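Since the structure comes first, as structure tokens, the remarks are kept for the end.
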Amino acid sequence: MASKPQEVRLVCGLGNAGAEYEHTRHNAGFACVDVLAQRYGVRYWKSEAGCMVARVQCKGADGSAREVLLAKSQDYMNTSGGPISKLMRQEHINPAQILVVHDEVDLPNGSIQVKWGGGLNAHNGLRSISSKLGTRDFARVRVGTGRPPGKMSVADYALRQLKGNYLQEFELEAQDSADAVQMCLEHGVPYAIDHVK
């Protein structure tokens, strides 16, 4: 029996730590979490369980405030499940209470989709989280990057430093994905699945 989404307590942005990865498509999750941190007025990040973590107060659909964790795993993308699962154990958070933000080559560039469970689509970060948690039943915000042009490999496309218009698009997309996360936090994941288009 598949579980159902619960109120989100942890937002995990996927990416690779380090300046050389900062403005790359593969770091769409980090970029989204950074925008959320700005919006919630985060003053500092703390290193916990191998993640950079910020704690924010968020209002739910019923108007009551609750604490939500914003997290960026400091391991590489393909091993990000380790630190995230460790943080979840430390905070007593179950998989139905997390929201993972990640880049998605199978969505057109600029599109955002909220999804519950389902396939991992050869995404190493999702694979790592799923194998550590023993389930695919967790919420995701998928940030569309489109497929690479011509014969470029997906890895080169995902890890290429963005400049000029590409960087501007990436930054706008981070704002859009942050909007989608806030809808999940304030109205719930099922609502956001229907309303983020």
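Quick note on naming: the chains in the structure tokens go A, B, ... in the order shown, residues restart at 1 in each chain, and ligands are numbered from 1 in order of appearance.
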Excluding Tyr166 in chain A and any residue of its chain fewer than 2 positions from it, enumerate the residues within 12 Å of it, using only C-alpha atoms, and give them as a PDB file with N, CA and C atoms, in the first residue's frame.
ATOM      1  N   HIS A  23      26.374  27.432 -10.694  1.00  0.00           N
ATOM      2  CA  HIS A  23      25.458  27.859 -11.760  1.00  0.00           C
ATOM      3  C   HIS A  23      25.354  26.796 -12.848  1.00  0.00           C
ATOM      4  N   THR A  24      25.002  25.572 -12.456  1.00  0.00           N
ATOM      5  CA  THR A  24      24.798  24.487 -13.420  1.00  0.00           C
ATOM      6  C   THR A  24      23.371  23.958 -13.272  1.00  0.00           C
ATOM      7  N   ARG A  25      22.861  23.395 -14.356  1.00  0.00           N
ATOM      8  CA  ARG A  25      21.472  22.887 -14.339  1.00  0.00           C
ATOM      9  C   ARG A  25      21.269  21.831 -13.255  1.00  0.00           C
ATOM     10  N   ASN A 109      12.652  22.837 -20.756  1.00  0.00           N
ATOM     11  CA  ASN A 109      13.341  23.892 -20.009  1.00  0.00           C
ATOM     12  C   ASN A 109      12.332  24.958 -19.562  1.00  0.00           C
ATOM     13  N   GLY A 110      12.376  25.301 -18.290  1.00  0.00           N
ATOM     14  CA  GLY A 110      11.480  26.342 -17.780  1.00  0.00           C
ATOM     15  C   GLY A 110      10.197  25.831 -17.159  1.00  0.00           C
ATOM     16  N   THR A 145      14.810  21.015 -17.389  1.00  0.00           N
ATOM     17  CA  THR A 145      16.006  21.571 -18.041  1.00  0.00           C
ATOM     18  C   THR A 145      16.001  21.285 -19.542  1.00  0.00           C
ATOM     19  N   TYR A 157      25.800  18.476 -20.275  1.00  0.00           N
ATOM     20  CA  TYR A 157      24.724  19.485 -20.317  1.00  0.00           C
ATOM     21  C   TYR A 157      24.331  19.910 -18.903  1.00  0.00           C
ATOM     22  N   ARG A 160      27.393  21.924 -17.113  1.00  0.00           N
ATOM     23  CA  ARG A 160      28.012  23.075 -17.783  1.00  0.00           C
ATOM     24  C   ARG A 160      27.666  24.362 -17.022  1.00  0.00           C
ATOM     25  N   GLN A 161      28.673  25.224 -16.827  1.00  0.00           N
ATOM     26  CA  GLN A 161      28.443  26.522 -16.174  1.00  0.00           C
ATOM     27  C   GLN A 161      27.584  27.397 -17.078  1.00  0.00           C
ATOM     28  N   LEU A 162      26.535  27.981 -16.508  1.00  0.00           N
ATOM     29  CA  LEU A 162      25.601  28.793 -17.287  1.00  0.00           C
ATOM     30  C   LEU A 162      26.018  30.260 -17.239  1.00  0.00           C
ATOM     31  N   LYS A 163      25.879  30.930 -18.387  1.00  0.00           N
ATOM     32  CA  LYS A 163      26.218  32.352 -18.469  1.00  0.00           C
ATOM     33  C   LYS A 163      25.134  33.084 -19.256  1.00  0.00           C
ATOM     34  N   GLY A 164      25.154  34.408 -19.138  1.00  0.00           N
ATOM     35  CA  GLY A 164      24.265  35.244 -19.960  1.00  0.00           C
ATOM     36  C   GLY A 164      22.804  34.878 -19.813  1.00  0.00           C
ATOM     37  N   GLN A 168      20.288  33.711 -16.617  1.00  0.00           N
ATOM     38  CA  GLN A 168      19.058  34.454 -16.257  1.00  0.00           C
ATOM     39  C   GLN A 168      17.854  33.514 -16.211  1.00  0.00           C
ATOM     40  N   GLU A 169      17.747  32.650 -17.218  1.00  0.00           N
ATOM     41  CA  GLU A 169      16.649  31.660 -17.258  1.00  0.00           C
ATOM     42  C   GLU A 169      16.705  30.752 -16.028  1.00  0.00           C
ATOM     43  N   PHE A 170      17.917  30.301 -15.696  1.00  0.00           N
ATOM     44  CA  PHE A 170      18.129  29.416 -14.547  1.00  0.00           C
ATOM     45  C   PHE A 170      17.664  30.115 -13.263  1.00  0.00           C
ATOM     46  N   GLU A 171      17.990  31.385 -13.125  1.00  0.00           N
ATOM     47  CA  GLU A 171      17.612  32.139 -11.916  1.00  0.00           C
ATOM     48  C   GLU A 171      16.100  32.358 -11.850  1.00  0.00           C
ATOM     49  N   LEU A 172      15.474  32.597 -13.002  1.00  0.00           N
ATOM     50  CA  LEU A 172      14.004  32.737 -13.036  1.00  0.00           C
ATOM     51  C   LEU A 172      13.336  31.415 -12.662  1.00  0.00           C
ATOM     52  N   GLU A 173      13.904  30.338 -13.158  1.00  0.00           N
ATOM     53  CA  GLU A 173      13.355  29.013 -12.869  1.00  0.00           C
ATOM     54  C   GLU A 173      13.466  28.693 -11.374  1.00  0.00           C
TER      55      GLU A 173
END
Mind checking which residues fall within 7 Å of Asn27 in chain A, counting only C-alpha atoms, ignoring those fewer than 4 positions away in the same chain, and posting them as a PyMOL selection string?
chain A and resi 14-16+21-23+31
Can you tell me which residues surround Arg55 in chain A at a distance of at most 9 Å, considering only C-alpha atoms, apart from same-chain residues fewer than 4 positions away, and format the answer as a ChimeraX atom specification?
/A:37,42,45,67-71
Which of these, A:Leu159, A:Val114, A:Ala178, A:Ile98, has the shortest distance to Tyr40 in chain A once you count only C-alpha atoms?
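Residue with the minimum atom-to-atom distance to Tyr40 in chain A: A:Ala178.
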Just asking: which residues within range 9-186 of chain A are strand (DSSP E) according to DSSP, as JSON, numbers by chain?
{"A": [10, 11, 12, 13, 46, 47, 48, 51, 52, 53, 54, 55, 56, 57, 58, 59, 65, 66, 67, 68, 69, 70, 71, 72, 73, 98, 99, 100, 101, 102, 103, 104, 112, 113, 114, 115, 116, 139, 140, 141, 142, 143, 144]}
Figure out the distance between CA of Met183 in chain A and CA of Ala19 in chain A, please, to one decimal in Å.
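Rounded to one decimal, the two atoms are 29.4 Å apart.
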Test item: residues at most 8 Å from Ile93 in chain A, only C-alpha atoms, excluding those fewer than 5 positions along its chain, as a PyMOL selection string
chain A and resi 9-10+88+98
Excluding Gly29 in chain A and its own-chain neighbours fewer than 6 positions away, which residues fall within 9 Å of it when counting only C-alpha atoms? Please give them as a list in words.
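Contacts, with the query itself left out: Cys12, Gly13, Leu14, Gly15, Lys72, Val100, Val101, His102, Asp103, Val141, Arg142, Val143, Ala174 and Ser177 of chain A.
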Using DSSP on the backbone, list every residue of chain A that comes out as helix (DSSP H, G or I), and give them as a ChimeraX atom specification.
/A:19-21,25-39,77-79,81-91,95-97,124-133,154-159,164-187,189-195
May I have the residues within 10 Å of Pro83 in chain A as a ChimeraX atom specification, using only C-alpha atoms and disregarding those fewer than 2 positions away in the same chain?
/A:48-52,71-75,79-81,85-89,129,132
Save out the residues we just selected, C-alpha atoms, as a PDB file, in the first residue's frame.
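Generated file (again-v7.pdb):
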ATOM      1  CA  GLU A  48      24.036  19.031  10.474  1.00  0.00           C
ATOM      2  CA  ALA A  49      24.225  15.353   9.449  1.00  0.00           C
ATOM      3  CA  GLY A  50      26.318  16.201   6.367  1.00  0.00           C
ATOM      4  CA  CYS A  51      23.839  18.837   5.156  1.00  0.00           C
ATOM      5  CA  MET A  52      23.693  22.612   5.316  1.00  0.00           C
ATOM      6  CA  ALA A  71      18.564  21.326   3.484  1.00  0.00           C
ATOM      7  CA  LYS A  72      21.383  20.995   0.959  1.00  0.00           C
ATOM      8  CA  SER A  73      23.356  17.743   1.159  1.00  0.00           C
ATOM      9  CA  GLN A  74      27.102  18.441   1.100  1.00  0.00           C
ATOM     10  CA  ASP A  75      27.925  15.049  -0.406  1.00  0.00           C
ATOM     11  CA  THR A  79      25.432   9.989  -2.608  1.00  0.00           C
ATOM     12  CA  SER A  80      23.045  12.674  -1.304  1.00  0.00           C
ATOM     13  CA  GLY A  81      20.699  10.041   0.166  1.00  0.00           C
ATOM     14  CA  SER A  85      18.414  10.090   5.542  1.00  0.00           C
ATOM     15  CA  LYS A  86      20.705  10.827   8.504  1.00  0.00           C
ATOM     16  CA  LEU A  87      19.089  14.264   8.963  1.00  0.00           C
ATOM     17  CA  MET A  88      15.624  12.670   8.743  1.00  0.00           C
ATOM     18  CA  ARG A  89      16.474  10.158  11.481  1.00  0.00           C
ATOM     19  CA  ILE A 129      17.575   8.980  -1.658  1.00  0.00           C
ATOM     20  CA  LYS A 132      18.527   4.950   1.536  1.00  0.00           C
TER      21      LYS A 132
END
At a cut-off of 12 Å, using only C-alpha atoms, what residues contact Tyr191 in chain A? Leave out same-chain residues fewer than 2 positions from it and give the result as number ranges by chain.
A: 5-7, 61, 114-116, 180-189, 193-197
Would you mind reading off the distance between CA of Val53 in chain A and CA of Ala17 in chain A, one decimal, in Å?
13.4 Å
Distance of CA of Asp176 in chain A from CA of Asp34 in chain A, expressed in Å to one decimal place
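These atoms are spaced 12.5 Å apart.
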Out of A:Ile84, A:Arg127, A:Pro108, A:Leu36, which residue has the shortest atom-to-atom distance to Pro148 in chain A when counting only C-alpha atoms?
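Nearest candidate to Pro148 in chain A out of A:Ile84, A:Arg127, A:Pro108, A:Leu36: A:Pro108.
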